[in-house]
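Dropping model_1.cif in here (mmCIF, C-alpha atoms):
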```
data_my_file
#
loop_
_atom_site.label_atom_id
_atom_site.label_comp_id
_atom_site.auth_asym_id
_atom_site.auth_seq_id
_atom_site.Cartn_x
_atom_site.Cartn_y
_atom_site.Cartn_z
CA MET A 1 -123.51 -29.79 -96.86
CA PHE A 2 -120.94 -31.70 -98.84
CA ASP A 3 -118.40 -34.03 -97.35
CA ARG A 4 -115.12 -32.32 -96.63
CA LYS A 5 -111.75 -34.05 -96.55
CA ASP A 6 -109.00 -33.90 -94.02
CA ASP A 7 -106.26 -31.51 -95.17
CA PRO A 8 -102.89 -32.51 -93.72
CA VAL A 9 -101.12 -30.37 -96.34
CA GLY A 10 -102.88 -27.11 -95.57
CA ILE A 11 -102.87 -27.87 -91.86
CA PRO A 12 -99.93 -30.19 -91.03
CA ASN A 13 -100.01 -32.28 -87.88
CA GLY A 14 -97.65 -29.98 -86.05
CA THR A 15 -99.99 -27.02 -86.40
CA ARG A 16 -101.58 -25.68 -83.27
CA LEU A 17 -105.31 -25.16 -83.53
CA LEU A 18 -106.53 -22.22 -81.47
CA ARG A 19 -109.89 -22.56 -79.77
CA ARG A 20 -111.83 -19.83 -77.97
CA ILE A 21 -112.53 -20.80 -74.36
CA ASP A 22 -115.70 -19.75 -72.59
CA PRO A 23 -114.83 -18.12 -69.24
CA GLU A 24 -117.82 -19.88 -67.70
CA LYS A 25 -116.26 -23.25 -68.56
CA VAL A 26 -112.96 -23.03 -66.73
CA VAL A 27 -112.17 -25.01 -63.55
CA TYR A 28 -109.20 -25.34 -61.24
CA ASP A 29 -107.17 -28.50 -61.85
CA LYS A 30 -105.22 -29.57 -58.74
CA ASN A 31 -103.22 -32.05 -60.79
CA ARG A 32 -101.89 -29.31 -63.06
CA GLN A 33 -102.11 -26.60 -60.43
CA GLU A 34 -103.81 -24.19 -62.79
CA ARG A 35 -107.20 -23.35 -64.20
CA ARG A 36 -108.09 -25.31 -67.27
CA PRO A 37 -110.84 -25.44 -69.89
CA THR A 38 -113.51 -28.05 -69.23
CA SER A 39 -114.20 -30.65 -71.87
CA GLN A 40 -117.42 -28.81 -72.75
CA ASN A 41 -115.29 -26.25 -74.59
CA PHE A 42 -114.43 -28.87 -77.18
CA GLN A 43 -117.88 -29.48 -78.54
CA ASN A 44 -119.23 -29.17 -82.06
CA SER A 45 -121.21 -26.08 -82.97
CA LYS A 46 -124.94 -26.36 -82.53
CA ASP A 47 -126.51 -28.39 -85.34
CA GLU A 48 -123.14 -28.84 -87.07
CA PRO A 49 -120.64 -31.72 -87.14
CA THR A 50 -117.73 -29.32 -86.72
CA MET A 51 -115.93 -27.27 -84.10
CA SER A 52 -114.44 -23.91 -85.07
CA VAL A 53 -110.74 -23.26 -84.51
CA PHE A 54 -108.03 -21.07 -86.01
CA ALA A 55 -105.03 -22.73 -87.66
CA GLU A 56 -101.90 -21.09 -86.31
CA ASN A 57 -99.85 -21.66 -89.48
CA VAL A 58 -102.37 -19.78 -91.59
CA ALA A 59 -102.84 -17.13 -88.92
CA LEU A 60 -99.10 -16.43 -88.99
CA GLU A 61 -99.13 -16.16 -92.80
CA HIS A 62 -101.86 -13.53 -92.57
CA GLY A 63 -100.39 -11.63 -89.67
CA GLU A 64 -103.15 -12.62 -87.28
CA VAL A 65 -102.24 -12.62 -83.60
CA PRO A 66 -104.13 -14.25 -80.70
CA SER A 67 -105.79 -11.01 -79.62
CA ASP A 68 -107.40 -10.75 -83.07
CA PHE A 69 -109.58 -13.74 -82.17
CA LEU A 70 -110.76 -12.22 -78.91
CA LYS A 71 -112.37 -9.00 -80.00
CA GLY A 72 -115.91 -7.70 -79.66
CA ARG A 73 -118.26 -10.23 -78.13
CA TRP A 74 -115.34 -12.55 -77.47
CA SER A 75 -113.34 -10.01 -75.50
CA THR A 76 -113.87 -11.81 -72.19
CA TRP A 77 -112.95 -15.21 -73.57
CA TYR A 78 -109.59 -16.99 -73.50
CA LEU A 79 -107.64 -18.94 -76.10
CA ALA A 80 -106.23 -22.46 -75.88
CA ALA A 81 -104.36 -24.60 -78.41
CA VAL A 82 -104.51 -28.28 -79.28
CA SER A 83 -102.45 -29.80 -82.09
CA ALA A 84 -103.95 -30.91 -85.36
CA GLU A 85 -102.23 -34.24 -84.85
CA TRP A 86 -104.04 -34.85 -81.57
CA MET A 87 -107.36 -34.07 -83.21
CA ARG A 88 -106.64 -36.51 -86.02
CA GLN A 89 -105.66 -39.19 -83.53
CA HIS A 90 -109.21 -38.91 -82.23
CA ASN A 91 -110.87 -39.47 -85.59
CA GLN A 92 -111.32 -35.83 -86.47
CA LYS A 93 -110.82 -34.29 -89.89
CA VAL A 94 -109.11 -30.91 -89.90
CA TYR A 95 -109.42 -28.48 -92.80
CA LEU A 96 -109.53 -24.79 -93.55
CA ASP A 97 -113.06 -23.42 -93.53
CA PRO A 98 -112.86 -19.67 -94.10
CA ASP A 99 -116.29 -19.39 -95.73
CA ASN A 100 -118.20 -20.66 -92.72
CA GLN A 101 -117.96 -17.54 -90.54
CA ASP A 102 -119.97 -14.52 -89.58
CA PRO A 103 -119.07 -11.62 -91.91
CA ASP A 104 -118.32 -9.36 -88.96
CA ASP A 105 -115.98 -11.92 -87.43
CA PHE A 106 -113.92 -13.07 -90.39
CA HIS A 107 -110.50 -14.70 -90.05
CA PRO A 108 -108.54 -16.30 -92.93
CA SER A 109 -107.25 -18.97 -90.53
CA HIS A 110 -110.70 -20.20 -89.58
CA ALA A 111 -110.72 -24.00 -89.71
CA ALA A 112 -113.00 -26.88 -88.84
CA VAL A 113 -112.42 -29.90 -86.64
CA ASP A 114 -114.92 -32.29 -88.15
CA GLY A 115 -116.12 -35.44 -86.44
CA PRO A 116 -118.14 -36.80 -83.54
CA LYS A 117 -117.14 -35.49 -80.13
CA ASP A 118 -118.92 -37.70 -77.67
CA THR A 119 -118.67 -37.77 -73.89
CA LYS A 120 -115.53 -39.88 -74.04
CA THR A 121 -113.76 -37.97 -76.83
CA ARG A 122 -114.15 -34.44 -75.49
CA PRO A 123 -112.09 -35.00 -72.32
CA LYS A 124 -109.34 -36.63 -74.36
CA ILE A 125 -109.17 -33.66 -76.72
CA ALA A 126 -109.23 -31.24 -73.79
CA ASP A 127 -106.47 -33.13 -72.00
CA LYS A 128 -103.80 -31.80 -74.39
CA TYR A 129 -104.73 -28.13 -74.21
CA GLU A 130 -102.07 -25.41 -73.97
CA TRP A 131 -103.02 -21.93 -72.91
CA VAL A 132 -102.38 -19.21 -75.49
CA VAL A 133 -104.39 -16.49 -73.76
CA PRO A 134 -104.97 -17.83 -70.23
CA PRO A 135 -107.37 -16.48 -67.66
CA PRO A 136 -105.83 -13.75 -65.51
CA ASN A 137 -106.42 -15.89 -62.44
CA ARG A 138 -104.78 -18.92 -64.06
CA PHE A 139 -103.01 -20.04 -60.88
CA ASP A 140 -105.71 -19.02 -58.43
CA ALA A 141 -106.76 -22.10 -56.52
CA ASP A 142 -109.97 -20.55 -55.25
CA GLU A 143 -112.49 -22.90 -56.80
CA GLY A 144 -115.51 -20.89 -55.69
CA MET B 1 -131.29 -50.01 -68.54
CA ALA B 2 -129.08 -47.66 -66.68
CA SER B 3 -131.93 -45.43 -65.55
CA THR B 4 -133.73 -48.37 -64.01
CA ALA B 5 -130.59 -49.50 -62.27
CA LEU B 6 -130.09 -46.04 -60.86
CA SER B 7 -133.62 -45.62 -59.58
CA ASP B 8 -133.52 -49.07 -58.00
CA VAL B 9 -130.48 -48.19 -55.97
CA TRP B 10 -130.94 -44.51 -55.49
CA GLY B 11 -134.17 -42.62 -55.29
CA PRO B 12 -134.40 -38.89 -54.63
CA SER B 13 -134.26 -39.68 -50.94
CA THR B 14 -132.25 -36.74 -49.81
CA LEU B 15 -133.22 -33.85 -52.01
CA THR B 16 -136.22 -32.92 -54.06
CA ASP B 17 -137.20 -29.68 -55.64
CA SER B 18 -140.74 -28.84 -54.64
CA ARG B 19 -141.38 -25.67 -56.64
CA ASN B 20 -138.70 -24.81 -59.13
CA ASP B 21 -140.05 -21.29 -59.44
CA ILE B 22 -138.92 -18.81 -62.02
CA THR B 23 -140.44 -15.42 -61.28
CA THR B 24 -140.13 -12.07 -62.97
CA VAL B 25 -139.50 -9.32 -60.48
CA LYS B 26 -138.85 -5.61 -60.82
CA SER B 27 -135.59 -4.61 -62.38
CA GLN B 28 -132.63 -4.52 -60.03
CA SER B 29 -128.90 -4.68 -60.12
CA VAL B 30 -127.19 -8.00 -60.66
CA PRO B 31 -125.62 -9.34 -57.49
CA VAL B 32 -121.85 -9.42 -57.69
CA GLY B 33 -121.59 -12.64 -55.78
CA LEU B 34 -123.43 -15.24 -53.83
CA THR B 35 -123.11 -15.67 -50.14
CA PRO B 36 -125.03 -17.96 -47.83
CA ALA B 37 -126.74 -15.00 -46.24
CA ASP B 38 -128.33 -13.56 -49.29
CA ILE B 39 -129.41 -16.50 -51.35
CA VAL B 40 -129.71 -19.62 -49.25
CA THR B 41 -132.22 -19.85 -46.47
CA SER B 42 -132.80 -22.95 -44.50
CA THR B 43 -135.38 -24.26 -42.14
CA PRO B 44 -135.45 -27.75 -40.69
CA GLY B 45 -136.02 -30.08 -43.57
CA MET B 46 -135.77 -27.43 -46.29
CA ILE B 47 -133.08 -25.41 -48.06
CA GLU B 48 -134.18 -22.70 -50.45
CA LEU B 49 -131.92 -21.24 -53.09
CA LEU B 50 -132.96 -17.87 -54.48
CA VAL B 51 -130.94 -16.13 -57.16
CA GLU B 52 -131.76 -12.85 -58.84
CA SER B 53 -130.29 -11.67 -62.10
CA GLY B 54 -131.50 -8.64 -64.02
CA ASN B 55 -135.27 -8.64 -63.74
CA GLU B 56 -135.63 -12.33 -63.10
CA SER B 57 -135.69 -14.31 -59.90
CA ARG B 58 -135.15 -18.06 -59.81
CA ARG B 59 -135.97 -20.13 -56.79
CA VAL B 60 -135.25 -23.79 -56.13
CA ARG B 61 -136.25 -25.57 -52.96
CA PHE B 62 -134.50 -28.70 -51.74
CA LYS B 63 -136.11 -30.99 -49.24
CA VAL B 64 -133.58 -32.38 -46.74
CA PRO B 65 -135.07 -35.24 -44.73
CA SER B 66 -131.99 -35.76 -42.56
CA TRP B 67 -131.49 -32.33 -41.06
CA PRO B 68 -129.11 -30.47 -41.18
CA GLY B 69 -127.89 -32.54 -44.11
CA PRO B 70 -124.33 -33.40 -45.13
CA GLN B 71 -121.53 -30.84 -44.94
CA TRP B 72 -121.04 -30.69 -48.68
CA LEU B 73 -124.65 -29.74 -49.36
CA VAL B 74 -124.84 -25.98 -48.84
CA PRO B 75 -121.44 -25.24 -50.48
CA SER B 76 -122.54 -27.31 -53.46
CA ILE B 77 -125.85 -25.52 -53.70
CA LEU B 78 -124.01 -22.18 -53.60
CA ARG B 79 -121.74 -23.25 -56.43
CA ALA B 80 -124.70 -24.46 -58.41
CA GLY B 81 -126.51 -21.20 -57.72
CA LYS B 82 -123.91 -19.25 -59.64
CA LEU B 83 -124.97 -21.10 -62.75
CA LEU B 84 -128.57 -20.03 -62.27
CA LEU B 85 -127.37 -16.43 -62.53
CA LEU B 86 -126.23 -16.89 -66.09
CA PRO B 87 -128.55 -14.92 -68.39
CA TYR B 88 -129.92 -15.84 -71.79
CA ASP B 89 -127.11 -16.02 -74.37
CA TRP B 90 -124.52 -16.55 -71.65
CA ASN B 91 -122.26 -18.30 -74.19
CA ARG B 92 -122.61 -15.60 -76.90
CA GLN B 93 -124.20 -18.25 -79.08
CA GLY B 94 -127.83 -18.05 -78.00
CA ALA B 95 -127.78 -20.49 -75.10
CA PRO B 96 -130.83 -20.43 -72.80
CA PRO B 97 -130.38 -20.03 -69.03
CA VAL B 98 -129.02 -23.08 -67.23
CA ASP B 99 -131.71 -25.65 -66.59
CA SER B 100 -132.59 -25.77 -62.90
CA MET B 101 -133.82 -29.35 -63.19
CA ALA B 102 -130.36 -30.41 -64.38
CA ILE B 103 -128.93 -28.78 -61.27
CA GLN B 104 -131.44 -30.58 -59.11
CA ILE B 105 -130.54 -33.94 -60.64
CA ALA B 106 -126.86 -33.14 -60.13
CA ILE B 107 -127.40 -32.36 -56.45
CA ASP B 108 -129.55 -35.46 -56.03
CA THR B 109 -126.83 -37.54 -57.65
CA LEU B 110 -124.21 -36.11 -55.31
CA SER B 111 -126.38 -37.15 -52.40
CA SER B 112 -126.05 -40.73 -53.51
CA LEU B 113 -122.30 -40.59 -54.14
CA MET B 114 -120.61 -38.28 -51.66
CA SER B 115 -118.95 -39.28 -48.40
CA PRO B 116 -118.48 -36.79 -45.56
CA SER B 117 -114.86 -36.22 -46.60
CA SER B 118 -115.44 -36.09 -50.35
CA SER B 119 -114.00 -33.14 -52.25
CA LEU B 120 -116.52 -30.69 -53.60
CA PRO B 121 -116.95 -30.72 -57.36
CA GLN B 122 -116.68 -27.62 -59.49
CA PHE B 123 -119.87 -26.64 -61.30
CA THR B 124 -119.81 -25.30 -64.85
CA PRO B 125 -122.47 -25.10 -67.56
CA THR B 126 -122.63 -27.55 -70.44
CA GLU B 127 -123.01 -26.50 -74.03
CA ARG B 128 -126.71 -27.42 -73.79
CA SER B 129 -127.26 -25.34 -70.64
CA GLY B 130 -127.05 -28.29 -68.30
CA VAL B 131 -124.41 -28.63 -65.62
CA GLN B 132 -121.06 -30.42 -65.47
CA LEU B 133 -119.29 -31.46 -62.29
CA ASP B 134 -115.48 -31.68 -62.43
CA TRP B 135 -112.88 -33.16 -60.09
CA HIS B 136 -109.19 -33.01 -61.04
CA GLU B 137 -106.99 -34.04 -58.13
CA ASN B 138 -104.80 -36.85 -56.79
CA GLY B 139 -104.07 -37.98 -60.32
CA VAL B 140 -107.75 -38.47 -61.07
CA ASP B 141 -109.86 -36.72 -63.68
CA LEU B 142 -113.59 -37.20 -63.18
CA GLU B 143 -116.43 -35.34 -64.79
CA ILE B 144 -120.17 -35.92 -64.73
CA ALA B 145 -122.42 -34.02 -67.13
CA PHE B 146 -126.15 -33.51 -66.66
CA ASP B 147 -127.92 -32.18 -69.70
CA PRO B 148 -131.53 -30.94 -69.84
CA GLY B 149 -134.01 -33.73 -70.42
CA GLU B 150 -131.62 -36.45 -69.27
CA ILE B 151 -132.62 -38.36 -66.16
CA GLU B 152 -129.09 -39.20 -65.12
CA GLY B 153 -125.58 -37.95 -65.64
CA LEU B 154 -122.84 -39.26 -67.88
CA ALA B 155 -119.50 -39.80 -66.15
CA VAL B 156 -115.98 -40.01 -67.54
CA PHE B 157 -113.12 -41.26 -65.35
CA ASN B 158 -109.39 -41.28 -65.96
CA ASP B 159 -106.57 -42.32 -63.65
CA GLN B 160 -103.46 -40.58 -64.95
CA ALA B 161 -101.14 -43.23 -63.52
CA ARG B 162 -103.18 -46.10 -64.91
CA PRO B 163 -104.92 -44.97 -68.09
CA GLU B 164 -105.99 -48.54 -68.86
CA LEU B 165 -108.53 -48.23 -66.03
CA GLU B 166 -110.46 -45.42 -67.70
CA TRP B 167 -114.20 -45.80 -68.09
CA ASP B 168 -117.22 -43.77 -69.08
CA GLY B 169 -120.98 -44.18 -69.04
CA PRO B 170 -124.19 -43.43 -67.14
CA VAL B 171 -123.86 -42.80 -63.43
CA GLY B 172 -126.22 -45.68 -62.68
CA LYS B 173 -123.80 -48.16 -64.22
CA HIS B 174 -120.87 -46.94 -62.15
CA LEU B 175 -122.34 -46.20 -58.75
CA GLN B 176 -119.91 -48.32 -56.77
CA GLU B 177 -116.85 -47.05 -58.64
CA LEU B 178 -117.98 -43.48 -58.10
CA ARG B 179 -118.67 -43.96 -54.40
CA THR B 180 -115.27 -45.56 -53.92
CA LEU B 181 -113.55 -42.76 -55.83
CA LEU B 182 -115.27 -40.07 -53.78
CA ARG B 183 -114.43 -41.85 -50.55
CA GLU B 184 -110.82 -42.82 -51.26
CA ARG B 185 -109.28 -40.71 -54.04
CA LEU B 186 -111.35 -37.56 -54.27
CA ALA B 187 -111.41 -36.82 -50.58
CA SER B 188 -109.56 -34.68 -48.08
#
```

Is it possible to express this structure as structure tokens?
Amino acid sequence: MFDRKDDPVGIPNGTRLLRRIDPEKVVYDKNRQERRPTSQNFQNSKDEPTMSVFAENVALEHGEVPSDFLKGRWSTWYLAAVSAEWMRQHNQKVYLDPDNQDPDDFHPSHAAVDGPKDTKTRPKIADKYEWVVPPPNRFDADEG
Amino acid sequence: MASTALSDVWGPSTLTDSRNDITTVKSQSVPVGLTPADIVTSTPGMIELLVESGNESRRVRFKVPSWPGPQWLVPSILRAGKLLLLPYDWNRQGAPPVDSMAIQIAIDTLSSLMSPSSSLPQFTPTERSGVQLDWHENGVDLEIAFDPGEIEGLAVFNDQARPELEWDGPVGKHLQELRTLLRERLAS
């Protein structure tokens, strides 16, 4: 794997990066009074130094909408956004990565957030999430 | 070392798993939920958690020397039990079932940290099929992750009003801070 460079031109700081959220990794946050993704959602892929996201600016150019990222095996998952700027402030490189996808799950806006995401970094990244496709029980305080 | 510090102060005095069974049973429907009646049985000195999912049964026994044990114990075991129901590939990326030993270590850790009035944590799986405990209340964000093969959890604390006080590290290095938090800030 060759070293990839941060791409602030292709993905400017103001771009929202959309991340699929595992429904098993959502908890109720009494401070925010809503369910939120746990920090474990913001982890690199297994055996890779990157985390997959979808760059909203490129998605808009290609007519992709949030529901396009939640089809098939992802149909029970949710979608949250964190800005590219916030990722970069935590020593992450952000660049388009359309070739690193499963052929049956291809999206032109696929991008990588490249960098170490240790125990301390993940909660900081997660702290700035915004729901794009929230859980249906978003405001349900039952913590079960 | 943190692990030494932890074992010096806190041994598995309250809870130990004596069997940690995983048994294949005949195929049956997946339970839609967990209730105390159908998965937790208790006898003096012992709580047994049994969960069944698909054709597999998983059983964890907790020894409770001080019967009936603290109030938070059974609700926490029930929450943890939901994680044991997760099947292979629960994350759509090939994850194995949640590690019952990680759950045991999490429960053991709670026994060394919780006060009677402490808020219950929320239990979710980690990316490596361990368990993460989360508290987000009273301006505090606290999480403790227990991954398979690790002998203690890693905690991350943030006080939203005073971010300069944030810290992170092994539970054993922050026992007093955690006990104080769970007695004073993360409590009802």

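Applied to the shown file, the PyMOL selection byres ((chain B) within 8 of (chain A)) selects the residues B:Arg79, B:Asn91, B:Arg92, B:Gln122, B:Thr124, B:Pro125, B:Thr126, B:Glu127, B:Asp134, B:Trp135, B:His136, B:Glu137, B:Asn138, B:Gly139, B:Val140, B:Leu154, B:Val156, B:Asp168.
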
Run the PyMOL selection byres ((chain A and resi 56) around 7) mentally over the shown coordinates, then write out the matched residues as a list in words, using the chain letters and numbers from the document.
->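 Applied to this file, the PyMOL selection byres ((chain A and resi 56) around 7) returns Thr15, Arg16, Leu17, Leu18, Phe54, Ala55, Asn57, Val58, Ala59 and Leu60 of chain A.
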
Please, could you write that set of residues out with C-alpha atoms as a short mmCIF file (atom, residue, chain, number, x, y, z; two decimals), keeping the file's coordinate frame?
```cif
data_model
loop_
_atom_site.label_atom_id
_atom_site.label_comp_id
_atom_site.auth_asym_id
_atom_site.auth_seq_id
_atom_site.Cartn_x
_atom_site.Cartn_y
_atom_site.Cartn_z
CA THR A 15 -99.99 -27.02 -86.40
CA ARG A 16 -101.58 -25.68 -83.27
CA LEU A 17 -105.31 -25.16 -83.53
CA LEU A 18 -106.53 -22.22 -81.47
CA PHE A 54 -108.03 -21.07 -86.01
CA ALA A 55 -105.03 -22.73 -87.66
CA ASN A 57 -99.85 -21.66 -89.48
CA VAL A 58 -102.37 -19.78 -91.59
CA ALA A 59 -102.84 -17.13 -88.92
CA LEU A 60 -99.10 -16.43 -88.99
#
```

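Atom CA of Glu61 of chain A is found 8.9 Å from atom CA of Ser109 of chain A.
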
Residues picked by the PyMOL selection byres ((chain B and resi 45-47) around 7) here, as number ranges by chain?
-> B: 40-44, 48-49, 61-65, 67

What is the distance between atom CA of Asp114 of chain A and atom CA of Gly10 of chain A, in Å to one decimal?
->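 For atom CA of Asp114 of chain A relative to atom CA of Gly10 of chain A, the distance reads 15.1 Å.
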
Excluding Ala80 of chain A and any residue of its chain fewer than 4 positions from it, enumerate the residues within 8 Å of it, using all atoms listed in the file, and give them as a list in words.
-> Leu18, Arg19, Arg20, Ile21, Tyr129, Glu130, Trp131, Val132, Val133 and Pro134 of chain A

Do a neighbour search on Lys71 of chain A at 12 Å with all atoms listed in the file, toss out local chain neighbours closer than 5 positions, and write the hits as a list in words.
->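 In the requested format, the answer is Arg20, Val65, Pro66, Thr76, Trp77, Tyr78, Leu79, Asp104, Asp105, Phe106 and His107 of chain A.
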
Can you tell me how far atom CA of Ala111 of chain A sits from atom CA of Val53 of chain A, in Å to one decimal?
-> 5.3 Å

Residue list as a ChimeraX atom specification for point (-115.2, -37.2, -85.3), cut-off 6 Å, only C-alpha atoms | /A:91-92,114-117

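Residue nearest Trp86 of chain A, chosen from A:Pro135, A:Glu34, A:Gly14, A:Asp140 and counting all atoms listed in the file: A:Gly14.
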
Mind giving me the axis-aligned box for segment 113-124 of chain A with 8 Å on every side, centre plus edges in Å to one decimal, as lines of an AutoDock Vina configuration file?
```
center_x = -114.1
center_y = -34.9
center_z = -80.2
size_x = 25.6
size_y = 26.0
size_z = 31.8
```
